[in-house]
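Novice: Supplied structure: structure32.cif, mmCIF, C-alpha atoms and all ligand atoms.
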```
data_model
#
loop_
_atom_site.label_atom_id
_atom_site.label_comp_id
_atom_site.auth_asym_id
_atom_site.auth_seq_id
_atom_site.Cartn_x
_atom_site.Cartn_y
_atom_site.Cartn_z
CA MET A 11 22.34 -5.78 -0.70
CA SER A 12 22.00 -4.12 -4.10
CA ARG A 13 20.72 -0.54 -4.09
CA TYR A 14 18.12 0.50 -6.67
CA ASP A 15 18.06 4.00 -8.17
CA ILE A 16 14.33 4.42 -7.57
CA ALA A 17 11.89 2.40 -5.46
CA ILE A 18 8.27 2.86 -6.50
CA ILE A 19 5.77 1.85 -3.85
CA GLY A 20 2.32 1.15 -5.25
CA SER A 21 1.20 -0.28 -8.57
CA GLY A 22 -1.83 1.83 -9.47
CA PRO A 23 -1.85 4.31 -12.38
CA ALA A 24 0.59 6.63 -10.55
CA GLY A 25 3.09 3.85 -9.82
CA VAL A 26 2.81 2.34 -13.30
CA SER A 27 3.42 5.73 -14.91
CA ALA A 28 6.40 6.39 -12.61
CA ALA A 29 7.84 2.95 -13.44
CA LEU A 30 7.48 3.45 -17.21
CA THR A 31 9.10 6.91 -17.06
CA ALA A 32 11.95 5.82 -14.78
CA LYS A 33 12.66 2.78 -16.96
CA ASN A 34 12.61 5.00 -20.03
CA ARG A 35 15.32 7.10 -18.35
CA ASN A 36 17.44 3.95 -17.81
CA LYS A 37 17.17 3.87 -14.03
CA SER A 38 17.23 0.66 -12.03
CA ILE A 39 13.82 0.39 -10.42
CA LEU A 40 12.18 -1.60 -7.68
CA PHE A 41 8.46 -1.59 -8.45
CA ILE A 42 6.47 -2.91 -5.49
CA GLY A 43 2.74 -3.53 -5.48
CA LYS A 44 -0.11 -5.93 -6.02
CA ARG A 45 -0.67 -8.57 -8.68
CA ASP A 46 -3.86 -6.89 -9.95
CA LEU A 47 -1.99 -3.51 -9.98
CA SER A 48 -4.90 -1.50 -8.54
CA ASN A 49 -8.04 -2.69 -6.84
CA LYS A 50 -9.62 0.71 -7.48
CA VAL A 51 -9.04 0.60 -11.22
CA SER A 52 -10.13 -3.06 -11.41
CA LYS A 53 -13.37 -2.09 -9.70
CA SER A 54 -14.05 0.85 -12.03
CA HIS A 55 -16.99 -0.24 -14.13
CA ARG A 56 -16.49 2.21 -17.00
CA ILE A 57 -13.84 4.89 -17.33
CA LEU A 58 -14.93 7.60 -19.75
CA ASN A 59 -12.27 10.27 -19.21
CA TYR A 60 -8.95 8.54 -19.89
CA PRO A 61 -7.28 10.16 -22.92
CA GLY A 62 -6.93 7.95 -25.96
CA ILE A 63 -8.91 5.02 -24.56
CA PRO A 64 -12.57 6.04 -24.62
CA ASP A 65 -15.10 4.04 -22.59
CA VAL A 66 -12.75 1.46 -21.16
CA THR A 67 -13.56 -0.95 -18.33
CA GLY A 68 -11.21 -0.92 -15.34
CA ALA A 69 -10.25 -4.52 -16.08
CA ASP A 70 -9.28 -3.62 -19.66
CA LEU A 71 -7.27 -0.59 -18.52
CA ILE A 72 -5.38 -2.81 -16.05
CA LYS A 73 -4.69 -5.30 -18.87
CA ALA A 74 -3.39 -2.49 -21.11
CA MET A 75 -1.11 -1.23 -18.31
CA GLN A 76 0.16 -4.74 -17.60
CA ASP A 77 0.92 -5.28 -21.30
CA HIS A 78 2.77 -1.94 -21.37
CA LEU A 79 4.88 -2.93 -18.33
CA ASP A 80 5.62 -6.33 -19.90
CA SER A 81 6.62 -4.73 -23.20
CA MET A 82 9.25 -2.67 -21.36
CA GLY A 83 10.46 -5.60 -19.27
CA ILE A 84 9.31 -4.06 -15.98
CA VAL A 85 8.84 -6.70 -13.31
CA LEU A 86 6.49 -6.15 -10.39
CA THR A 87 7.73 -7.21 -6.96
CA GLU A 88 4.65 -8.46 -5.14
CA ASP A 89 5.15 -7.29 -1.59
CA GLN A 90 3.78 -4.90 1.03
CA VAL A 91 6.02 -2.08 2.24
CA THR A 92 5.49 -1.55 5.95
CA ASN A 93 8.09 1.15 6.66
CA VAL A 94 10.39 3.47 4.76
CA TYR A 95 13.39 4.86 6.63
CA ALA A 96 15.39 7.87 5.37
CA MET A 97 19.06 6.99 5.95
CA GLY A 98 20.70 10.13 4.54
CA ASP A 99 21.74 9.43 0.96
CA TYR A 100 19.52 6.35 0.62
CA PHE A 101 16.29 4.79 1.88
CA ALA A 102 15.71 1.44 3.57
CA LEU A 103 12.40 -0.23 2.78
CA GLN A 104 11.03 -2.76 5.20
CA CYS A 105 8.63 -5.13 3.45
CA ALA A 106 6.61 -8.16 4.41
CA LYS A 107 9.04 -10.42 2.54
CA GLY A 108 12.37 -8.64 3.13
CA MET A 109 14.40 -5.43 3.15
CA TYR A 110 15.42 -3.32 0.16
CA GLU A 111 17.52 -0.21 -0.44
CA ALA A 112 17.04 2.59 -2.94
CA SER A 113 18.60 6.00 -3.52
CA SER A 114 15.19 7.61 -4.01
CA VAL A 115 11.58 6.62 -3.38
CA ILE A 116 8.25 7.40 -5.00
CA ILE A 117 5.19 6.74 -2.86
CA ALA A 118 2.17 5.92 -5.01
CA THR A 119 0.18 3.86 -2.56
CA GLY A 120 -3.25 5.34 -3.21
CA VAL A 121 -5.24 6.71 -0.35
CA MET A 122 -6.29 4.64 2.62
CA PRO A 123 -10.07 4.18 2.73
CA GLY A 124 -11.75 5.41 5.91
CA LYS A 125 -10.21 6.65 9.11
CA LEU A 126 -7.90 4.91 11.54
CA LEU A 127 -9.75 3.14 14.32
CA LYS A 128 -9.67 4.62 17.79
CA GLY A 129 -6.70 3.06 19.57
CA GLU A 130 -5.11 1.76 16.33
CA GLU A 131 -2.23 4.20 16.02
CA GLU A 132 -1.35 4.30 19.74
CA ASN A 133 -1.15 0.51 19.94
CA LEU A 134 0.70 -0.14 16.68
CA GLY A 135 3.57 -2.50 17.49
CA ARG A 136 2.00 -3.26 20.89
CA GLY A 137 -0.78 -5.69 20.08
CA VAL A 138 -1.75 -4.06 16.77
CA SER A 139 0.03 -5.07 13.57
CA TYR A 140 -0.30 -4.24 9.88
CA CYS A 141 1.50 -7.31 8.54
CA ALA A 142 0.46 -10.89 9.27
CA THR A 143 3.25 -12.33 7.11
CA CYS A 144 5.91 -10.36 9.07
CA ASP A 145 4.57 -10.87 12.59
CA ALA A 146 2.98 -14.34 12.44
CA PRO A 147 6.02 -16.01 14.09
CA LEU A 148 5.50 -13.79 17.17
CA TYR A 149 2.03 -15.25 17.65
CA LYS A 150 2.78 -18.96 17.39
CA GLY A 151 0.19 -20.83 19.48
CA LYS A 152 -1.58 -17.56 20.38
CA GLU A 153 -5.05 -16.17 19.79
CA THR A 154 -5.22 -13.64 16.98
CA THR A 155 -7.77 -11.38 15.31
CA ILE A 156 -7.69 -10.18 11.71
CA LEU A 157 -9.62 -7.19 10.48
CA GLY A 158 -9.60 -7.82 6.72
CA TYR A 159 -10.50 -4.92 4.44
CA SER A 160 -10.58 -6.98 1.22
CA PRO A 161 -11.11 -10.65 0.29
CA LYS A 162 -7.39 -11.09 -0.51
CA GLU A 163 -6.70 -10.86 3.26
CA GLU A 164 -8.32 -14.30 3.58
CA ASP A 165 -5.00 -15.74 2.35
CA GLU A 166 -3.30 -14.02 5.31
CA ALA A 167 -5.89 -15.54 7.68
CA ALA A 168 -5.28 -19.02 6.25
CA PHE A 169 -1.53 -18.52 6.64
CA LEU A 170 -1.88 -17.24 10.22
CA ALA A 171 -4.07 -20.24 11.13
CA GLU A 172 -1.07 -22.48 10.35
CA VAL A 173 0.80 -21.01 13.36
CA ALA A 174 -1.77 -19.40 15.69
CA SER A 175 -4.05 -21.39 18.00
CA LYS A 176 -7.08 -19.36 16.90
CA VAL A 177 -7.90 -16.75 14.28
CA TYR A 178 -10.97 -14.50 14.58
CA TYR A 179 -11.59 -13.08 11.12
CA VAL A 180 -13.68 -9.92 10.76
CA PRO A 181 -14.36 -9.08 7.09
CA VAL A 182 -14.89 -5.39 6.33
CA TYR A 183 -16.37 -6.08 2.88
CA GLN A 184 -19.53 -7.45 1.30
CA ASP A 185 -18.17 -10.54 -0.54
CA GLU A 186 -18.78 -13.98 0.88
CA VAL A 187 -15.91 -15.26 3.05
CA GLY A 188 -14.37 -18.48 1.73
CA LEU A 189 -12.37 -19.56 4.82
CA LYS A 190 -12.90 -23.19 5.86
CA ASP A 191 -10.13 -23.88 8.44
CA PRO A 192 -11.75 -24.93 11.77
CA LYS A 193 -9.24 -22.71 13.61
CA ILE A 194 -10.74 -19.65 11.90
CA GLU A 195 -13.95 -18.13 13.25
CA VAL A 196 -15.57 -15.56 10.98
CA ILE A 197 -17.31 -12.78 12.91
CA HIS A 198 -19.31 -10.02 11.21
CA GLY A 199 -19.57 -6.55 12.70
CA VAL A 200 -18.58 -2.92 12.40
CA PRO A 201 -15.16 -2.18 13.92
CA LYS A 202 -15.13 0.76 16.34
CA GLU A 203 -12.02 0.64 18.50
CA ILE A 204 -8.96 -1.37 19.55
CA ARG A 205 -8.08 -1.47 23.24
CA ARG A 206 -4.90 -2.88 24.79
CA GLU A 207 -4.98 -4.01 28.43
CA ASP A 208 -2.95 -6.60 30.36
CA LYS A 209 -1.05 -7.65 27.20
CA ARG A 210 -4.32 -8.53 25.44
CA SER A 211 -5.90 -6.67 22.53
CA THR A 212 -9.63 -6.16 22.28
CA LEU A 213 -11.33 -5.38 19.00
CA VAL A 214 -14.56 -3.55 19.79
CA LEU A 215 -17.32 -4.15 17.24
CA ASN A 216 -20.72 -2.48 17.17
CA ASP A 217 -22.35 -5.41 18.98
CA ARG A 218 -19.56 -7.38 20.68
CA GLU A 219 -15.90 -7.41 21.70
CA ILE A 220 -13.20 -9.89 20.58
CA GLU A 221 -10.26 -10.37 22.92
CA SER A 222 -7.01 -11.93 21.68
CA ASP A 223 -3.22 -11.47 21.77
CA VAL A 224 -3.06 -9.25 18.68
CA VAL A 225 -5.26 -7.48 16.17
CA PHE A 226 -3.97 -7.47 12.59
CA VAL A 227 -5.44 -4.57 10.62
CA LEU A 228 -5.01 -5.56 6.98
CA ARG A 229 -5.78 -2.80 4.51
CA ASP A 230 -4.55 -2.15 0.98
CA ALA A 231 -2.67 0.93 2.18
CA VAL A 232 -1.35 2.24 5.46
CA SER A 233 -1.45 5.92 6.39
CA PRO A 234 1.56 7.81 4.98
CA GLY A 235 2.68 9.07 8.39
CA GLN A 236 3.04 5.47 9.55
CA LEU A 237 4.76 4.36 6.38
CA VAL A 238 7.44 7.05 6.58
CA PRO A 239 8.24 8.37 10.05
CA GLY A 240 8.67 12.16 10.09
CA LEU A 241 7.02 12.79 6.70
CA GLU A 242 4.87 15.93 6.48
CA THR A 243 1.26 14.95 5.89
CA GLU A 244 -2.11 16.66 5.82
CA GLY A 245 -4.93 14.33 6.79
CA ALA A 246 -4.70 11.25 4.59
CA HIS A 247 -2.34 12.93 2.11
CA ILE A 248 1.38 13.57 1.76
CA VAL A 249 2.24 17.25 1.35
CA THR A 250 3.93 17.69 -2.05
CA GLN A 251 5.33 20.49 -4.18
CA ARG A 252 4.65 20.91 -7.88
CA ASP A 253 7.59 18.61 -8.72
CA MET A 254 6.00 15.98 -6.40
CA SER A 255 8.83 16.33 -3.87
CA THR A 256 7.94 15.91 -0.20
CA SER A 257 9.35 17.19 3.08
CA ILE A 258 12.05 14.47 2.88
CA LYS A 259 14.80 14.95 0.27
CA GLY A 260 14.83 12.16 -2.32
CA LEU A 261 11.30 11.07 -1.48
CA PHE A 262 8.46 11.86 -3.87
CA ALA A 263 4.72 11.12 -3.89
CA ALA A 264 2.15 10.78 -6.68
CA GLY A 265 -1.48 9.89 -7.26
CA ASP A 266 -4.32 9.82 -4.75
CA ILE A 267 -1.87 9.84 -1.83
CA ALA A 268 -0.72 13.30 -2.96
CA GLY A 269 -4.24 14.72 -2.73
CA THR A 270 -7.52 15.20 -4.56
CA PRO A 271 -9.01 15.02 -7.16
CA TYR A 272 -8.86 11.23 -7.19
CA GLN A 273 -8.56 10.62 -10.92
CA ASP A 274 -6.62 8.18 -13.09
CA ALA A 275 -5.29 10.87 -15.44
CA LYS A 276 -4.04 13.00 -12.53
CA ALA A 277 -2.36 9.95 -10.97
CA VAL A 278 -0.61 9.12 -14.26
CA GLY A 279 0.57 12.71 -14.73
CA GLU A 280 1.93 12.95 -11.21
CA GLY A 281 3.67 9.57 -11.52
CA CYS A 282 5.51 10.86 -14.58
CA VAL A 283 6.50 14.13 -12.84
CA ALA A 284 7.65 12.27 -9.72
CA ALA A 285 9.84 9.92 -11.76
CA LEU A 286 11.48 12.80 -13.67
CA SER A 287 12.05 14.68 -10.40
CA ALA A 288 13.62 11.54 -8.90
CA VAL A 289 15.92 11.33 -11.95
CA SER A 290 17.01 14.98 -11.40
CA TYR A 291 17.58 14.23 -7.72
CA LEU A 292 19.78 11.24 -8.60
CA THR A 293 21.86 13.42 -10.95
CA GLU A 294 22.34 15.94 -8.13
CA LEU A 295 23.22 13.14 -5.71
CA SER A 296 25.85 11.68 -8.04
CA LYS A 297 27.43 15.16 -8.53
CA GLN A 298 27.72 15.51 -4.75
CA GLY A 299 29.33 12.07 -4.51
CA SER A 300 31.90 12.73 -7.25
C1 LIG A 401 -15.15 2.45 -8.15
C2 LIG A 401 -14.19 3.51 -8.66
C3 LIG A 401 -14.39 4.08 -9.90
C4 LIG A 401 -13.49 5.06 -10.38
N1 LIG A 401 -13.71 5.59 -11.61
C5 LIG A 401 -12.85 6.51 -12.10
C6 LIG A 401 -13.02 7.07 -13.41
O1 LIG A 401 -13.99 6.75 -14.12
N2 LIG A 401 -12.11 7.98 -13.84
C7 LIG A 401 -11.04 8.36 -13.09
O2 LIG A 401 -10.22 9.17 -13.56
N3 LIG A 401 -10.84 7.85 -11.85
C8 LIG A 401 -11.71 6.94 -11.32
N4 LIG A 401 -11.52 6.42 -10.07
C9 LIG A 401 -10.38 6.90 -9.27
C10 LIG A 401 -9.09 6.20 -9.66
O3 LIG A 401 -9.28 4.80 -9.64
C11 LIG A 401 -7.96 6.60 -8.69
O4 LIG A 401 -7.82 8.00 -8.71
C12 LIG A 401 -6.65 5.94 -9.11
O5 LIG A 401 -6.75 4.55 -9.04
C13 LIG A 401 -5.51 6.43 -8.21
O6 LIG A 401 -4.33 5.79 -8.59
P1 LIG A 401 -3.10 5.63 -7.60
O7 LIG A 401 -2.02 5.02 -8.42
O8 LIG A 401 -2.85 6.88 -6.89
O9 LIG A 401 -3.58 4.60 -6.48
P2 LIG A 401 -4.31 3.18 -6.52
O10 LIG A 401 -4.98 2.94 -7.81
O11 LIG A 401 -5.12 3.13 -5.28
O12 LIG A 401 -3.11 2.14 -6.44
C14 LIG A 401 -2.28 2.02 -5.33
C15 LIG A 401 -1.69 0.62 -5.29
O13 LIG A 401 -0.64 0.59 -4.33
C16 LIG A 401 -0.76 -0.58 -3.53
N5 LIG A 401 -0.20 -0.30 -2.21
C17 LIG A 401 -0.69 0.51 -1.24
N6 LIG A 401 0.11 0.52 -0.18
C18 LIG A 401 1.13 -0.31 -0.48
C19 LIG A 401 2.28 -0.72 0.25
N7 LIG A 401 2.52 -0.26 1.47
N8 LIG A 401 3.14 -1.58 -0.33
C20 LIG A 401 2.90 -2.06 -1.59
N9 LIG A 401 1.80 -1.70 -2.33
C21 LIG A 401 0.95 -0.83 -1.77
C22 LIG A 401 -2.30 -0.78 -3.44
O14 LIG A 401 -2.59 -2.10 -3.07
C23 LIG A 401 -2.69 -0.47 -4.88
O15 LIG A 401 -2.51 -1.61 -5.68
C24 LIG A 401 -12.39 5.46 -9.58
C25 LIG A 401 -12.20 4.88 -8.32
C26 LIG A 401 -13.07 3.92 -7.86
C27 LIG A 401 -12.84 3.30 -6.50
#
```
Could you express the structure from this file as C-alpha cells?

Specialist:
Amino acid sequence: MSRYDIAIIGSGPAGVSAALTAKNRNKSILFIGKRDLSNKVSKSHRILNYPGIPDVTGADLIKAMQDHLDSMGIVLTEDQVTNVYAMGDYFALQCAKGMYEASSVIIATGVMPGKLLKGEEENLGRGVSYCATCDAPLYKGKETTILGYSPKEEDEAAFLAEVASKVYYVPVYQDEVGLKDPKIEVIHGVPKEIRREDKRSTLVLNDREIESDVVFVLRDAVSPGQLVPGLETEGAHIVTQRDMSTSIKGLFAAGDIAGTPYQDAKAVGEGCVAALSAVSYLTELSKQGS
C-alpha cells in the first residue's frame, strides 16, 4: 500500500485550504471528502465576509474552490473515513471503500450537528453503525434501520435494500424523501434513543419505537473522539494548539472541528496553518529516519 505524506479528511474550506497549501509544498496528498465539498458552504445563501470575493453565494464559492483544486491537479477521493489509527510513525485510515496510510493527518471534518443520541456511543459496533457501505454485508437478509441526516443518505438506503430484508428509513431533514423501493419503509419522527437488547436494536422516536437488527446513524461527520481513539477533545471539538497540532503527534485539526467561531475565513486560515505544520512535522520525521 502506498503511503501518502498528508491525508486530509474533509473537503470544506479548511480541507480545501490545507490541500492547496500541501500541494504547493510538493507533498503527496490524500484528500478525502464529499463531491459537493461542503454542504454547509453550499447551503450558505450569501457570504458577505470572505476576503476578495464580496457577496458570493455558497454555490459560487464552492465552484471557485473546485476550479482552484482542478487548476492545481488536486483530485478528491470521495469516501467516508470511519476511523483513524495512530501507528507510531504513520496513520492508518479506515474508510467506507478501503484502507489508506499517511505519515500525517489533518482532520477538517467540520463539526457534527446536534448531540449524540442516548445509547448511540455505548452501542457503536454492537447494533449501531456509522457506515452502511462498510457493514451492509453483515446484515444480509436482516431487518435494518437508517437514521439519515441528509438526503444523500437515501443512496445508502437504496444500496442497503439490495441486501437487507427490510429497511426502515427515518429522515432527519425537511426535504421530501425520494425512496421508492418496496423494501424501504419511510418513517417520520424525532429520534430520542437507541437501545440494544437480545441482539436487537431499537430506535426510539418521539411517538413510536422501531426494532431491527441494526441502526445505521448516517451523518455528514462523526464525533472526533470516535474518529480517532485516544484523541483529546472538548465537547464537539478537537483540542488544538496555535500550530493546529493535537494531542497526537503528526495529527492536526482545522476549521469548525477545531472550535468556534464557525467561519469560512477562520477555517481557511487554520487549514493553511495545519498544512504548514504537517510539512514541518514531515521534515522532522525524515530527519529522525535518516
Ligand atoms: C447556512 C450557513 C450559512 C453560513 N454562512 C456563513 C457566512 O456567511 N460566513 C462565514 O464565514 N461562515 C458561514 N457559515 C459557516 C461556514 O460554512 C463554516 O464555518 C465552514 O463551512 C467550516 O468549514 P470546515 O472546512 O471546517 O467544515 P465543513 O464546511 O463542514 O466541511 C467539512 C466536510 O468534511 C466532510 N466530512 C466530515 N466527516 C468526514 C469523514 N469522516 N470522512 C470524509 N469526509 C468527511 C463533510 O461531509 C464536509 O463536506 C455558514 C454556515 C451555514 C450552515

Novice: For ligand LIG 401 (chain A), which residue among A:Ile39, A:Ile63, A:Val91, A:Met254 is the nearest when counting all atoms listed in the file?

Specialist: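 Using all atoms listed in the file, ligand LIG 401 (chain A) sits closest to A:Val91.
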
Novice: Considering all atoms listed in the file, state which residue in the set A:Val283, A:Val138, A:Ala24, A:Leu261 is at the smallest distance from ligand LIG 401 (chain A).

Specialist: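 Closest to ligand LIG 401 (chain A) of all the choices is A:Ala24.
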
Novice: At a cut-off of 12 Å around the point (-0.9, 16.7, -11.9) (file coordinates), what residues fall inside when counting all atoms listed in the file? I'd like the answer as a ChimeraX atom specification.

Specialist: /A:24,250-254,263-266,268-284

Novice: Residues at most 7 Å from ligand LIG 401 (chain A), using only C-alpha atoms and all ligand atoms? Could they come as number ranges by chain?

Specialist: A: 19-25, 42-44, 46-51, 53-60, 89-92, 118-121, 230-232, 264-267, 272-275, 277

Novice: Find the residue from A:Leu157, A:Ala29, A:Ile204, A:Val177 that sits nearest to Leu134 of chain A; use only C-alpha atoms when measuring.

Specialist: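 Selected residue with least distance to Leu134 of chain A: A:Ile204.
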
Novice: Can you report as lines of an AutoDock Vina configuration file the centre and edge lengths in Å, to one decimal, of an axis-aligned box around the listed atoms of segment 158-172 of chain A padded with 6 Å on each side?

Specialist:
```
center_x = -6.1
center_y = -13.7
center_z = 5.3
size_x = 22.0
size_y = 29.6
size_z = 23.6
```

Novice: Taking (4.2, -6.5, -13.6) in the coordinates of the supplied file, I want to know which residues reach to within 9 Å of it, counting only C-alpha atoms; could you give the answer as an MDAnalysis selection string?

Specialist: chainID A and resid 21 26 41 43:47 75:77 79:80 83:88

Novice: Write out the residues from the selection above, keeping C-alpha atoms, as a PDB file, in the frame of the given file.

Specialist:
```
ATOM      1  CA  SER A  21       1.200  -0.280  -8.570  1.00  0.00           C
ATOM      2  CA  VAL A  26       2.810   2.340 -13.300  1.00  0.00           C
ATOM      3  CA  PHE A  41       8.460  -1.590  -8.450  1.00  0.00           C
ATOM      4  CA  GLY A  43       2.740  -3.530  -5.480  1.00  0.00           C
ATOM      5  CA  LYS A  44      -0.110  -5.930  -6.020  1.00  0.00           C
ATOM      6  CA  ARG A  45      -0.670  -8.570  -8.680  1.00  0.00           C
ATOM      7  CA  ASP A  46      -3.860  -6.890  -9.950  1.00  0.00           C
ATOM      8  CA  LEU A  47      -1.990  -3.510  -9.980  1.00  0.00           C
ATOM      9  CA  MET A  75      -1.110  -1.230 -18.310  1.00  0.00           C
ATOM     10  CA  GLN A  76       0.160  -4.740 -17.600  1.00  0.00           C
ATOM     11  CA  ASP A  77       0.920  -5.280 -21.300  1.00  0.00           C
ATOM     12  CA  LEU A  79       4.880  -2.930 -18.330  1.00  0.00           C
ATOM     13  CA  ASP A  80       5.620  -6.330 -19.900  1.00  0.00           C
ATOM     14  CA  GLY A  83      10.460  -5.600 -19.270  1.00  0.00           C
ATOM     15  CA  ILE A  84       9.310  -4.060 -15.980  1.00  0.00           C
ATOM     16  CA  VAL A  85       8.840  -6.700 -13.310  1.00  0.00           C
ATOM     17  CA  LEU A  86       6.490  -6.150 -10.390  1.00  0.00           C
ATOM     18  CA  THR A  87       7.730  -7.210  -6.960  1.00  0.00           C
ATOM     19  CA  GLU A  88       4.650  -8.460  -5.140  1.00  0.00           C
TER      20      GLU A  88
END
```

Novice: Taking all atoms listed in the file into account, name the residue in A:Thr154, A:Ser211, A:Gln184, A:Gln298 that is nearest to Glu130 of chain A.

Specialist: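 Smallest distance to Glu130 of chain A is found for A:Ser211.
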
Novice: In Å to one decimal, how far is atom CA of Glu131 of chain A from atom CA of Lys209 of chain A?

Specialist: 16.3 Å

Novice: Between atom CA of Tyr140 of chain A and atom CA of Glu244 of chain A, what is the distance, to one decimal in Å?

Specialist: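 We find that atom CA of Tyr140 of chain A and atom CA of Glu244 of chain A lie 21.4 Å from each other.
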
Novice: Restricting the calculation to all atoms listed in the file, which member of A:Lys107, A:Val115, A:Lys297, A:Ser222 is positioned closest to Tyr95 of chain A?

Specialist: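 Closest to Tyr95 of chain A of all the choices is A:Val115.
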
Novice: Leaving out Ala168 of chain A and any residue of its chain fewer than 6 positions from it, which residues lie within 8 Å of it when counting only C-alpha atoms, given as a list in words?

Specialist: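 Near neighbours after the sequence-gap exclusion: Leu189, Asp191 and Ile194 of chain A.
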
Novice: Output C-alpha atoms of each residue in that selection to a file, as a JSON list (two decimals), in the frame of the given file.

Specialist:
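And here is the file that came out, selection29.json:
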```
[["chain", "number", "residue", "atom", "x", "y", "z"],
["A", 189, "LEU", "CA", -12.37, -19.56, 4.82],
["A", 191, "ASP", "CA", -10.13, -23.88, 8.44],
["A", 194, "ILE", "CA", -10.74, -19.65, 11.90]]
```

Novice: Return the single residue from A:Ile16, A:Val238, A:Cys141, A:Ile220 that is closest to Ser257 of chain A, with distances computed using all atoms listed in the file.

Specialist: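 Nearest to Ser257 of chain A: A:Val238.
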
Novice: Excluding Gly260 of chain A and any residue of its chain fewer than 2 positions from it, enumerate the residues within 8 Å of it, using only C-alpha atoms, and give them as JSON, numbers by chain.

Specialist: {"A": [113, 114, 115, 255, 258, 262, 288, 291]}

Novice: Can you work out the spacing between atom CA of Ala74 of chain A and atom CA of His247 of chain A in Å, to one decimal?

Specialist: 27.9 Å

Novice: Applying 8 Å and only C-alpha atoms, which residues near Leu213 of chain A remain after dropping the ones on its own chain fewer than 5 positions away? List them as number ranges by chain.

Specialist: A: 155, 201-205, 219-221, 225

Novice: Can you tell me, as a count of residues only, what residues are no more than 12 Å from segment 292-295 of chain A when counting only C-alpha atoms, ignoring any on the same chain fewer than 6 positions away?

Specialist: 20
